file input_17.cif (mmCIF, C-alpha atoms and all ligand atoms)
data_input
loop_
_atom_site.group_PDB
_atom_site.id
_atom_site.type_symbol
_atom_site.label_atom_id
_atom_site.label_comp_id
_atom_site.auth_asym_id
_atom_site.auth_seq_id
_atom_site.Cartn_x
_atom_site.Cartn_y
_atom_site.Cartn_z
ATOM 1 C CA MET Q 274 -85.347 -6.996 -146.301
ATOM 2 C CA SER Q 275 -81.921 -8.461 -145.634
ATOM 3 C CA THR Q 276 -79.127 -9.704 -147.835
ATOM 4 C CA LEU Q 277 -76.511 -12.344 -147.154
ATOM 5 C CA ARG Q 278 -73.209 -11.734 -148.944
ATOM 6 C CA PRO Q 279 -69.460 -12.277 -148.540
ATOM 7 C CA LEU Q 280 -67.703 -10.067 -145.968
ATOM 8 C CA ARG Q 281 -65.194 -7.767 -147.698
ATOM 9 C CA SER Q 282 -62.207 -5.701 -146.606
ATOM 10 C CA GLU Q 283 -64.266 -2.480 -147.116
ATOM 11 C CA ASP Q 284 -66.543 -3.719 -144.307
ATOM 12 C CA VAL Q 285 -63.827 -3.811 -141.663
ATOM 13 C CA ASP Q 286 -64.514 -0.284 -140.269
ATOM 14 C CA ARG Q 287 -68.160 -1.197 -139.621
ATOM 15 C CA VAL Q 288 -67.202 -4.624 -138.272
ATOM 16 C CA LEU Q 289 -64.801 -3.005 -135.788
ATOM 17 C CA GLU Q 290 -67.618 -0.711 -134.571
ATOM 18 C CA LEU Q 291 -69.758 -3.790 -133.915
ATOM 19 C CA GLU Q 292 -66.874 -5.810 -132.415
ATOM 20 C CA ALA Q 293 -66.508 -3.301 -129.589
ATOM 21 C CA VAL Q 294 -70.227 -3.526 -128.803
ATOM 22 C CA LEU Q 295 -70.525 -7.294 -129.194
ATOM 23 C CA PHE Q 296 -67.279 -8.627 -127.800
ATOM 24 C CA GLY Q 297 -65.888 -5.884 -125.518
ATOM 25 C CA LEU Q 298 -62.450 -6.875 -124.242
ATOM 26 C CA GLY Q 299 -62.393 -9.838 -126.593
ATOM 27 C CA ALA Q 300 -62.900 -7.702 -129.725
ATOM 28 C CA TRP Q 301 -60.697 -8.578 -132.675
ATOM 29 C CA THR Q 302 -58.407 -5.908 -134.098
ATOM 30 C CA ARG Q 303 -58.226 -4.543 -137.633
ATOM 31 C CA GLY Q 304 -55.042 -6.577 -138.136
ATOM 32 C CA ILE Q 305 -56.803 -9.802 -137.253
ATOM 33 C CA TYR Q 306 -59.661 -9.067 -139.665
ATOM 34 C CA GLU Q 307 -57.326 -8.075 -142.488
ATOM 35 C CA GLU Q 308 -55.367 -11.271 -141.989
ATOM 36 C CA GLU Q 309 -58.506 -13.424 -141.763
ATOM 37 C CA LEU Q 310 -59.994 -11.944 -144.934
ATOM 38 C CA ARG Q 311 -56.757 -12.642 -146.837
ATOM 39 C CA ALA Q 312 -56.189 -16.118 -145.448
ATOM 40 C CA PRO Q 313 -56.914 -19.152 -147.614
ATOM 41 C CA GLY Q 314 -59.422 -21.685 -146.333
ATOM 42 C CA ARG Q 315 -61.763 -19.181 -144.760
ATOM 43 C CA ALA Q 316 -65.393 -18.226 -145.353
ATOM 44 C CA TYR Q 317 -66.646 -14.874 -144.071
ATOM 45 C CA VAL Q 318 -70.184 -13.633 -144.642
ATOM 46 C CA ALA Q 319 -72.185 -10.526 -143.800
ATOM 47 C CA ILE Q 320 -75.845 -9.627 -143.447
ATOM 48 C CA GLU Q 321 -77.114 -6.249 -144.592
ATOM 49 C CA GLU Q 322 -80.423 -4.651 -143.691
ATOM 50 C CA SER Q 323 -81.326 -1.754 -146.000
ATOM 51 C CA GLY Q 324 -77.709 -1.525 -147.117
ATOM 52 C CA ARG Q 325 -76.270 -1.425 -143.573
ATOM 53 C CA LEU Q 326 -74.116 -4.257 -142.297
ATOM 54 C CA VAL Q 327 -75.782 -5.655 -139.158
ATOM 55 C CA GLY Q 328 -74.095 -9.045 -138.803
ATOM 56 C CA TYR Q 329 -71.051 -11.025 -139.785
ATOM 57 C CA ALA Q 330 -69.623 -14.467 -139.279
ATOM 58 C CA GLY Q 331 -66.656 -16.531 -140.342
ATOM 59 C CA ALA Q 332 -65.310 -20.039 -140.333
ATOM 60 C CA SER Q 333 -62.142 -21.876 -141.213
ATOM 61 C CA LEU Q 334 -62.707 -24.523 -143.869
ATOM 62 C CA ALA Q 335 -61.019 -27.853 -143.258
ATOM 63 C CA GLU Q 336 -62.069 -31.434 -142.634
ATOM 64 C CA GLU Q 337 -62.903 -30.239 -139.134
ATOM 65 C CA SER Q 338 -64.044 -26.669 -139.712
ATOM 66 C CA HIS Q 339 -64.187 -24.040 -136.992
ATOM 67 C CA VAL Q 340 -66.596 -21.169 -136.440
ATOM 68 C CA MET Q 341 -64.239 -18.237 -135.874
ATOM 69 C CA THR Q 342 -66.804 -15.590 -135.016
ATOM 70 C CA ILE Q 343 -70.471 -14.687 -135.336
ATOM 71 C CA GLY Q 344 -72.182 -11.509 -134.266
ATOM 72 C CA VAL Q 345 -75.363 -9.539 -134.890
ATOM 73 C CA ALA Q 346 -75.992 -5.909 -133.924
ATOM 74 C CA PRO Q 347 -78.238 -5.716 -130.839
ATOM 75 C CA GLU Q 348 -81.014 -3.911 -132.723
ATOM 76 C CA ALA Q 349 -81.103 -6.598 -135.445
ATOM 77 C CA ARG Q 350 -81.301 -9.724 -133.266
ATOM 78 C CA ARG Q 351 -83.909 -12.508 -133.229
ATOM 79 C CA ARG Q 352 -84.641 -12.039 -136.923
ATOM 80 C CA GLY Q 353 -82.797 -15.175 -137.980
ATOM 81 C CA HIS Q 354 -79.642 -13.408 -139.166
ATOM 82 C CA ALA Q 355 -77.190 -15.530 -137.167
ATOM 83 C CA SER Q 356 -79.066 -18.660 -138.246
ATOM 84 C CA ARG Q 357 -78.822 -17.687 -141.880
ATOM 85 C CA MET Q 358 -75.086 -16.989 -141.609
ATOM 86 C CA LEU Q 359 -74.390 -20.170 -139.669
ATOM 87 C CA ALA Q 360 -76.327 -22.259 -142.199
ATOM 88 C CA GLU Q 361 -74.267 -20.699 -144.989
ATOM 89 C CA LEU Q 362 -70.950 -21.368 -143.207
ATOM 90 C CA MET Q 363 -71.981 -24.956 -142.537
ATOM 91 C CA ALA Q 364 -72.949 -25.383 -146.192
ATOM 92 C CA GLN Q 365 -69.642 -23.917 -147.377
ATOM 93 C CA ALA Q 366 -67.718 -26.136 -144.958
ATOM 94 C CA ARG Q 367 -69.588 -29.185 -146.209
ATOM 95 C CA SER Q 368 -68.872 -28.322 -149.805
ATOM 96 C CA HIS Q 369 -65.162 -28.111 -148.881
ATOM 97 C CA GLY Q 370 -65.358 -31.657 -147.563
ATOM 98 C CA ALA Q 371 -65.771 -30.873 -143.880
ATOM 99 C CA THR Q 372 -67.306 -33.641 -141.820
ATOM 100 C CA SER Q 373 -67.590 -31.704 -138.576
ATOM 101 C CA MET Q 374 -67.571 -28.192 -137.204
ATOM 102 C CA LEU Q 375 -66.229 -26.916 -133.889
ATOM 103 C CA LEU Q 376 -66.681 -23.697 -131.972
ATOM 104 C CA GLU Q 377 -66.071 -22.130 -128.585
ATOM 105 C CA VAL Q 378 -68.766 -20.123 -126.873
ATOM 106 C CA ARG Q 379 -68.838 -18.301 -123.560
ATOM 107 C CA ALA Q 380 -70.166 -20.514 -120.802
ATOM 108 C CA ASP Q 381 -72.425 -17.625 -119.683
ATOM 109 C CA ASP Q 382 -73.919 -17.055 -123.162
ATOM 110 C CA ASP Q 383 -77.109 -19.098 -123.051
ATOM 111 C CA GLY Q 384 -78.550 -17.405 -126.141
ATOM 112 C CA ALA Q 385 -75.628 -18.301 -128.405
ATOM 113 C CA GLN Q 386 -75.558 -21.850 -127.022
ATOM 114 C CA ALA Q 387 -79.277 -22.200 -127.778
ATOM 115 C CA LEU Q 388 -78.629 -21.033 -131.335
ATOM 116 C CA TYR Q 389 -75.849 -23.568 -131.818
ATOM 117 C CA ARG Q 390 -77.885 -26.433 -130.374
ATOM 118 C CA ARG Q 391 -80.551 -25.718 -132.975
ATOM 119 C CA PHE Q 392 -77.904 -26.439 -135.600
ATOM 120 C CA GLY Q 393 -76.893 -29.749 -134.072
ATOM 121 C CA PHE Q 394 -73.935 -28.575 -131.978
ATOM 122 C CA GLU Q 395 -73.371 -30.445 -128.729
ATOM 123 C CA GLN Q 396 -71.045 -29.635 -125.874
ATOM 124 C CA ILE Q 397 -67.879 -31.750 -126.002
ATOM 125 C CA GLY Q 398 -65.702 -29.918 -123.500
ATOM 126 C CA LEU Q 399 -65.088 -26.976 -121.227
ATOM 127 C CA ARG Q 400 -62.026 -24.733 -121.307
ATOM 128 C CA PRO Q 401 -61.661 -23.046 -117.924
ATOM 129 C CA GLY Q 402 -60.742 -19.367 -118.314
ATOM 130 C CA TYR Q 403 -60.700 -19.609 -122.127
ATOM 131 C CA TYR Q 404 -61.899 -16.002 -122.370
ATOM 132 C CA GLN Q 405 -58.929 -14.875 -120.320
ATOM 133 C CA LEU Q 406 -59.517 -11.113 -120.279
ATOM 134 C CA GLU Q 407 -62.963 -11.584 -118.785
ATOM 135 C CA GLY Q 408 -62.233 -14.706 -116.759
ATOM 136 C CA VAL Q 409 -65.070 -16.624 -118.422
ATOM 137 C CA ASP Q 410 -64.964 -20.330 -119.290
ATOM 138 C CA GLY Q 411 -65.332 -21.508 -122.867
ATOM 139 C CA VAL Q 412 -67.742 -24.261 -123.841
ATOM 140 C CA VAL Q 413 -66.479 -26.299 -126.804
ATOM 141 C CA MET Q 414 -69.264 -27.459 -129.099
ATOM 142 C CA ARG Q 415 -69.147 -29.739 -132.110
ATOM 143 C CA ALA Q 416 -71.579 -30.641 -134.887
ATOM 144 C CA GLU Q 417 -71.415 -33.490 -137.363
ATOM 145 C CA LEU Q 418 -71.814 -32.268 -140.923
ATOM 146 C CA SER Q 419 -73.495 -35.246 -142.495
ATOM 147 C CA PRO Q 420 -74.745 -34.691 -146.062
ATOM 148 C CA ALA Q 421 -78.217 -35.717 -144.865
ATOM 149 C CA SER Q 422 -78.423 -32.716 -142.547
ATOM 150 C CA ALA Q 423 -77.343 -30.288 -145.275
ATOM 151 C CA THR Q 424 -79.556 -27.228 -145.589
ATOM 152 C CA ARG Q 425 -78.519 -24.132 -147.430
ATOM 153 C CA LEU Q 426 -80.493 -21.010 -146.643
ATOM 154 C CA SER Q 427 -80.244 -18.039 -148.905
HETATM 155 C C1 LIG E 501 -75.722 -14.986 -130.479
HETATM 156 C C2 LIG E 501 -76.146 -14.057 -131.623
HETATM 157 C C3 LIG E 501 -75.124 -14.144 -132.747
HETATM 158 C C4 LIG E 501 -77.546 -14.508 -132.148
HETATM 159 O O1 LIG E 501 -77.901 -13.721 -133.273
HETATM 160 P P1 LIG E 501 -79.422 -13.623 -133.789
HETATM 161 O O2 LIG E 501 -79.391 -13.098 -135.186
HETATM 162 O O3 LIG E 501 -80.229 -12.878 -132.818
HETATM 163 O O4 LIG E 501 -79.869 -15.151 -133.782
HETATM 164 P P2 LIG E 501 -81.136 -15.792 -134.521
HETATM 165 O O5 LIG E 501 -82.195 -14.760 -134.723
HETATM 166 O O6 LIG E 501 -80.660 -16.515 -135.730
HETATM 167 O O7 LIG E 501 -81.614 -16.829 -133.405
HETATM 168 C C5 LIG E 501 -81.985 -18.159 -133.740
HETATM 169 C C6 LIG E 501 -82.400 -18.905 -132.512
HETATM 170 O O8 LIG E 501 -81.298 -19.014 -131.593
HETATM 171 C C7 LIG E 501 -81.796 -18.901 -130.241
HETATM 172 N N1 LIG E 501 -81.358 -17.619 -129.645
HETATM 173 C C8 LIG E 501 -80.656 -16.636 -130.250
HETATM 174 N N2 LIG E 501 -80.402 -15.638 -129.369
HETATM 175 C C9 LIG E 501 -80.969 -15.998 -128.197
HETATM 176 C C10 LIG E 501 -81.049 -15.400 -126.913
HETATM 177 N N3 LIG E 501 -80.497 -14.193 -126.648
HETATM 178 N N4 LIG E 501 -81.687 -16.060 -125.932
HETATM 179 C C11 LIG E 501 -82.252 -17.278 -126.148
HETATM 180 N N5 LIG E 501 -82.208 -17.903 -127.364
HETATM 181 C C12 LIG E 501 -81.582 -17.288 -128.358
HETATM 182 C C13 LIG E 501 -83.320 -18.907 -130.358
HETATM 183 O O9 LIG E 501 -83.706 -20.266 -130.389
HETATM 184 C C14 LIG E 501 -83.508 -18.254 -131.728
HETATM 185 O O10 LIG E 501 -84.729 -18.566 -132.312
HETATM 186 P P3 LIG E 501 -86.050 -17.669 -131.981
HETATM 187 O O11 LIG E 501 -85.665 -16.228 -132.162
HETATM 188 O O12 LIG E 501 -87.022 -18.165 -133.007
HETATM 189 O O13 LIG E 501 -86.400 -17.994 -130.568
HETATM 190 C C15 LIG E 501 -76.286 -12.578 -131.143
HETATM 191 O O14 LIG E 501 -77.105 -12.540 -129.990
HETATM 192 C C16 LIG E 501 -74.965 -11.915 -130.817
HETATM 193 O O15 LIG E 501 -74.323 -11.331 -131.701
HETATM 194 N N6 LIG E 501 -74.527 -11.971 -129.540
HETATM 195 C C17 LIG E 501 -73.288 -11.323 -129.129
HETATM 196 C C18 LIG E 501 -72.089 -11.975 -129.732
HETATM 197 C C19 LIG E 501 -72.024 -13.445 -129.426
HETATM 198 O O16 LIG E 501 -72.311 -13.878 -128.326
HETATM 199 N N7 LIG E 501 -71.614 -14.218 -130.410
HETATM 200 C C20 LIG E 501 -71.436 -15.649 -130.258
HETATM 201 C C21 LIG E 501 -70.046 -15.866 -129.816
HETATM 202 S S1 LIG E 501 -69.600 -17.559 -129.896
#

call {"tool": "encode", "arguments": {"input": "input_17.cif", "output": "structure tokens"}}
result
Amino acid sequence: MSTLRPLRSEDVDRVLELEAVLFGLGAWTRGIYEEELRAPGRAYVAIEESGRLVGYAGASLAEESHVMTIGVAPEARRRGHASRMLAELMAQARSHGATSMLLEVRADDDGAQALYRRFGFEQIGLRPGYYQLEGVDGVVMRAELSPASATRLS
């Protein structure tokens, strides 16, 4: 049984534990999370399994919204958690008037790219060395947020 809910400042300790596992050298710091959770025009969500946070995701909300981050604990993957969070962020972006959504994903992360393609994201560019600390290219993907494709999972 899992629950989708807003990400809160009390979650940051657990998020930082997961950041290190999920993003290694690219992990965000406490300061970044505190700033993101205070910033206007953001949507951050979390997934809990039996009361334990196992995933989180966030987006900026603007006409062209941006997926800031998305991650699921290794032991909780392939259960649809990232899909549920992404659908929620896309729905929130749409309800804020967004017409498109952008994201960057590691060029070597086939799994994440497959997830995004399922939600209508297509590659629109490549940023060589975007993930500087690891020397990995970034693939830029974009999805149109037409009202007709709106689906809100909860
Ligand atoms: C990418 C990530 C968020 C996916 O989370 P998840 O909860 O396992 O994703 P879902 O269960 O919603 O997957 C939905 C679909 O996406 C695709 N997918 C997801 N992970 C995949 C993988 N490792 N390999 C191939 N396809 C994958 C599949 O089509 C999957 O559907 P299926 O399980 O029915 O085959 C997770 O693997 C993760 O946190 N990775 C490390 C951090 C990261 O790379 N974040 C993205 C940075 S941009």

call {"tool": "axis_aligned_box", "arguments": {"input": "input_17.cif", "around": "ligand LIG 501 (chain E)", "padding_each_side": "3 Å", "output": "lines of an AutoDock Vina configuration file"}}
result
center_x = -78.3
center_y = -15.8
center_z = -130.8
size_x = 23.4
size_y = 14.9
size_z = 15.8

call {"tool": "resolve_selection", "arguments": {"input": "input_17.cif", "expression": "the PyMOL selection byres (((not hetatm)) within 10 of (chain E and resi 501))", "output": "compact mmCIF listing (two decimals) with C-alpha atoms, in the coordinates of the input"}}
result
# COMPACT_ATOMS: atom_id res chain seq x y z
CA LEU Q 291 -69.76 -3.79 -133.92
CA GLU Q 292 -66.87 -5.81 -132.42
CA VAL Q 294 -70.23 -3.53 -128.80
CA LEU Q 295 -70.53 -7.29 -129.19
CA PHE Q 296 -67.28 -8.63 -127.80
CA GLY Q 297 -65.89 -5.88 -125.52
CA ILE Q 320 -75.84 -9.63 -143.45
CA VAL Q 327 -75.78 -5.66 -139.16
CA GLY Q 328 -74.10 -9.04 -138.80
CA TYR Q 329 -71.05 -11.02 -139.78
CA ALA Q 330 -69.62 -14.47 -139.28
CA VAL Q 340 -66.60 -21.17 -136.44
CA MET Q 341 -64.24 -18.24 -135.87
CA THR Q 342 -66.80 -15.59 -135.02
CA ILE Q 343 -70.47 -14.69 -135.34
CA GLY Q 344 -72.18 -11.51 -134.27
CA VAL Q 345 -75.36 -9.54 -134.89
CA ALA Q 346 -75.99 -5.91 -133.92
CA PRO Q 347 -78.24 -5.72 -130.84
CA GLU Q 348 -81.01 -3.91 -132.72
CA ALA Q 349 -81.10 -6.60 -135.44
CA ARG Q 350 -81.30 -9.72 -133.27
CA ARG Q 351 -83.91 -12.51 -133.23
CA ARG Q 352 -84.64 -12.04 -136.92
CA GLY Q 353 -82.80 -15.18 -137.98
CA HIS Q 354 -79.64 -13.41 -139.17
CA ALA Q 355 -77.19 -15.53 -137.17
CA SER Q 356 -79.07 -18.66 -138.25
CA ARG Q 357 -78.82 -17.69 -141.88
CA MET Q 358 -75.09 -16.99 -141.61
CA LEU Q 359 -74.39 -20.17 -139.67
CA ALA Q 360 -76.33 -22.26 -142.20
CA LEU Q 376 -66.68 -23.70 -131.97
CA GLU Q 377 -66.07 -22.13 -128.58
CA VAL Q 378 -68.77 -20.12 -126.87
CA ARG Q 379 -68.84 -18.30 -123.56
CA ALA Q 380 -70.17 -20.51 -120.80
CA ASP Q 381 -72.42 -17.62 -119.68
CA ASP Q 382 -73.92 -17.06 -123.16
CA ASP Q 383 -77.11 -19.10 -123.05
CA GLY Q 384 -78.55 -17.40 -126.14
CA ALA Q 385 -75.63 -18.30 -128.40
CA GLN Q 386 -75.56 -21.85 -127.02
CA ALA Q 387 -79.28 -22.20 -127.78
CA LEU Q 388 -78.63 -21.03 -131.34
CA TYR Q 389 -75.85 -23.57 -131.82
CA ARG Q 390 -77.89 -26.43 -130.37
CA ARG Q 391 -80.55 -25.72 -132.98
CA PHE Q 392 -77.90 -26.44 -135.60
CA GLY Q 411 -65.33 -21.51 -122.87
CA VAL Q 412 -67.74 -24.26 -123.84
CA VAL Q 413 -66.48 -26.30 -126.80
CA MET Q 414 -69.26 -27.46 -129.10

call {"tool": "atom_distance", "arguments": {"input": "input_17.cif", "atom1": "CA of Asp286 (chain Q)", "atom2": "CA of Leu362 (chain Q)"}}
result
22.2 Å

call {"tool": "atom_distance", "arguments": {"input": "input_17.cif", "atom1": "CA of Glu417 (chain Q)", "atom2": "CA of Glu309 (chain Q)"}}
result
24.3 Å

call {"tool": "residues_near_point", "arguments": {"input": "input_17.cif", "point": "(-70.3, -27.8, -139.3)", "cutoff": "12 Å", "atoms": "all atoms listed in the file", "output": "ChimeraX atom specification"}}
result
/Q:331-341,359-376,389-390,392-395,414-420,422-424

call {"tool": "write_last_selection", "arguments": {"input": "input_17.cif", "atoms": "C-alpha atoms", "output": "mmCIF file, in the frame of the given file"}}
result
data_model
loop_
_atom_site.group_PDB
_atom_site.id
_atom_site.type_symbol
_atom_site.label_atom_id
_atom_site.label_comp_id
_atom_site.auth_asym_id
_atom_site.auth_seq_id
_atom_site.Cartn_x
_atom_site.Cartn_y
_atom_site.Cartn_z
ATOM 1 C CA GLY Q 331 -66.656 -16.531 -140.342
ATOM 2 C CA ALA Q 332 -65.310 -20.039 -140.333
ATOM 3 C CA SER Q 333 -62.142 -21.876 -141.213
ATOM 4 C CA LEU Q 334 -62.707 -24.523 -143.869
ATOM 5 C CA ALA Q 335 -61.019 -27.853 -143.258
ATOM 6 C CA GLU Q 336 -62.069 -31.434 -142.634
ATOM 7 C CA GLU Q 337 -62.903 -30.239 -139.134
ATOM 8 C CA SER Q 338 -64.044 -26.669 -139.712
ATOM 9 C CA HIS Q 339 -64.187 -24.040 -136.992
ATOM 10 C CA VAL Q 340 -66.596 -21.169 -136.440
ATOM 11 C CA MET Q 341 -64.239 -18.237 -135.874
ATOM 12 C CA LEU Q 359 -74.390 -20.170 -139.669
ATOM 13 C CA ALA Q 360 -76.327 -22.259 -142.199
ATOM 14 C CA GLU Q 361 -74.267 -20.699 -144.989
ATOM 15 C CA LEU Q 362 -70.950 -21.368 -143.207
ATOM 16 C CA MET Q 363 -71.981 -24.956 -142.537
ATOM 17 C CA ALA Q 364 -72.949 -25.383 -146.192
ATOM 18 C CA GLN Q 365 -69.642 -23.917 -147.377
ATOM 19 C CA ALA Q 366 -67.718 -26.136 -144.958
ATOM 20 C CA ARG Q 367 -69.588 -29.185 -146.209
ATOM 21 C CA SER Q 368 -68.872 -28.322 -149.805
ATOM 22 C CA HIS Q 369 -65.162 -28.111 -148.881
ATOM 23 C CA GLY Q 370 -65.358 -31.657 -147.563
ATOM 24 C CA ALA Q 371 -65.771 -30.873 -143.880
ATOM 25 C CA THR Q 372 -67.306 -33.641 -141.820
ATOM 26 C CA SER Q 373 -67.590 -31.704 -138.576
ATOM 27 C CA MET Q 374 -67.571 -28.192 -137.204
ATOM 28 C CA LEU Q 375 -66.229 -26.916 -133.889
ATOM 29 C CA LEU Q 376 -66.681 -23.697 -131.972
ATOM 30 C CA TYR Q 389 -75.849 -23.568 -131.818
ATOM 31 C CA ARG Q 390 -77.885 -26.433 -130.374
ATOM 32 C CA PHE Q 392 -77.904 -26.439 -135.600
ATOM 33 C CA GLY Q 393 -76.893 -29.749 -134.072
ATOM 34 C CA PHE Q 394 -73.935 -28.575 -131.978
ATOM 35 C CA GLU Q 395 -73.371 -30.445 -128.729
ATOM 36 C CA MET Q 414 -69.264 -27.459 -129.099
ATOM 37 C CA ARG Q 415 -69.147 -29.739 -132.110
ATOM 38 C CA ALA Q 416 -71.579 -30.641 -134.887
ATOM 39 C CA GLU Q 417 -71.415 -33.490 -137.363
ATOM 40 C CA LEU Q 418 -71.814 -32.268 -140.923
ATOM 41 C CA SER Q 419 -73.495 -35.246 -142.495
ATOM 42 C CA PRO Q 420 -74.745 -34.691 -146.062
ATOM 43 C CA SER Q 422 -78.423 -32.716 -142.547
ATOM 44 C CA ALA Q 423 -77.343 -30.288 -145.275
ATOM 45 C CA THR Q 424 -79.556 -27.228 -145.589
#

call {"tool": "atom_distance", "arguments": {"input": "input_17.cif", "atom1": "CA of Arg311 (chain Q)", "atom2": "CA of Gln405 (chain Q)"}}
result
26.7 Å

call {"tool": "resolve_selection", "arguments": {"input": "input_17.cif", "expression": "the PyMOL selection byres (((chain Q and resi 302) around 12) and not hetatm)", "output": "list in words"}}
result
Val285, Asp286, Val288, Leu289, Glu290, Leu291, Glu292, Ala293, Phe296, Gly297, Leu298, Gly299, Ala300, Trp301, Arg303, Gly304, Ile305, Tyr306, Glu307, Glu308 and Glu309 of chain Q

call {"tool": "residues_around", "arguments": {"input": "input_17.cif", "residues": "Arg281 (chain Q)", "least_positions_apart": "6", "cutoff": "9 Å", "atoms": "all atoms listed in the file", "output": "list in words"}}
result
Leu310, Tyr317, Val318 and Ala319 of chain Q

call {"tool": "decode", "arguments": {"input": "input_17.cif", "residues": "region 388-402 of chain Q", "atoms": "N, CA and C atoms", "output": "PDB file, in the first residue's frame"}}
result
ATOM      1  N   LEU Q 388      10.995   5.545 -19.015  1.00  0.00           N
ATOM      2  CA  LEU Q 388       9.884   6.070 -18.210  1.00  0.00           C
ATOM      3  C   LEU Q 388       9.345   7.357 -18.836  1.00  0.00           C
ATOM      4  N   TYR Q 389      10.236   8.269 -19.152  1.00  0.00           N
ATOM      5  CA  TYR Q 389       9.795   9.569 -19.675  1.00  0.00           C
ATOM      6  C   TYR Q 389       9.110   9.422 -21.040  1.00  0.00           C
ATOM      7  N   ARG Q 390       9.621   8.530 -21.859  1.00  0.00           N
ATOM      8  CA  ARG Q 390       8.972   8.340 -23.175  1.00  0.00           C
ATOM      9  C   ARG Q 390       7.529   7.872 -23.006  1.00  0.00           C
ATOM     10  N   ARG Q 391       7.317   7.047 -21.977  1.00  0.00           N
ATOM     11  CA  ARG Q 391       5.932   6.586 -21.738  1.00  0.00           C
ATOM     12  C   ARG Q 391       4.985   7.730 -21.422  1.00  0.00           C
ATOM     13  N   PHE Q 392       5.552   8.844 -20.949  1.00  0.00           N
ATOM     14  CA  PHE Q 392       4.728  10.011 -20.624  1.00  0.00           C
ATOM     15  C   PHE Q 392       4.762  11.063 -21.726  1.00  0.00           C
ATOM     16  N   GLY Q 393       5.236  10.681 -22.890  1.00  0.00           N
ATOM     17  CA  GLY Q 393       5.179  11.585 -24.035  1.00  0.00           C
ATOM     18  C   GLY Q 393       6.392  12.480 -24.203  1.00  0.00           C
ATOM     19  N   PHE Q 394       7.439  12.273 -23.394  1.00  0.00           N
ATOM     20  CA  PHE Q 394       8.649  13.084 -23.559  1.00  0.00           C
ATOM     21  C   PHE Q 394       9.444  12.565 -24.759  1.00  0.00           C
ATOM     22  N   GLU Q 395       9.986  13.542 -25.506  1.00  0.00           N
ATOM     23  CA  GLU Q 395      10.834  13.198 -26.655  1.00  0.00           C
ATOM     24  C   GLU Q 395      12.136  13.966 -26.529  1.00  0.00           C
ATOM     25  N   GLN Q 396      13.199  13.344 -27.023  1.00  0.00           N
ATOM     26  CA  GLN Q 396      14.499  14.028 -26.969  1.00  0.00           C
ATOM     27  C   GLN Q 396      14.484  15.245 -27.883  1.00  0.00           C
ATOM     28  N   ILE Q 397      14.918  16.410 -27.336  1.00  0.00           N
ATOM     29  CA  ILE Q 397      15.028  17.600 -28.185  1.00  0.00           C
ATOM     30  C   ILE Q 397      16.452  18.130 -28.229  1.00  0.00           C
ATOM     31  N   GLY Q 398      17.351  17.548 -27.439  1.00  0.00           N
ATOM     32  CA  GLY Q 398      18.723  18.047 -27.477  1.00  0.00           C
ATOM     33  C   GLY Q 398      19.639  17.193 -26.625  1.00  0.00           C
ATOM     34  N   LEU Q 399      20.920  17.521 -26.737  1.00  0.00           N
ATOM     35  CA  LEU Q 399      21.945  16.803 -25.970  1.00  0.00           C
ATOM     36  C   LEU Q 399      22.876  17.860 -25.395  1.00  0.00           C
ATOM     37  N   ARG Q 400      23.166  17.767 -24.108  1.00  0.00           N
ATOM     38  CA  ARG Q 400      24.102  18.713 -23.497  1.00  0.00           C
ATOM     39  C   ARG Q 400      25.369  17.956 -23.105  1.00  0.00           C
ATOM     40  N   PRO Q 401      26.413  18.089 -23.936  1.00  0.00           N
ATOM     41  CA  PRO Q 401      27.639  17.339 -23.649  1.00  0.00           C
ATOM     42  C   PRO Q 401      28.196  17.721 -22.275  1.00  0.00           C
ATOM     43  N   GLY Q 402      28.499  16.717 -21.466  1.00  0.00           N
ATOM     44  CA  GLY Q 402      29.118  16.958 -20.157  1.00  0.00           C
ATOM     45  C   GLY Q 402      28.215  17.658 -19.160  1.00  0.00           C
TER      46      GLY Q 402
END
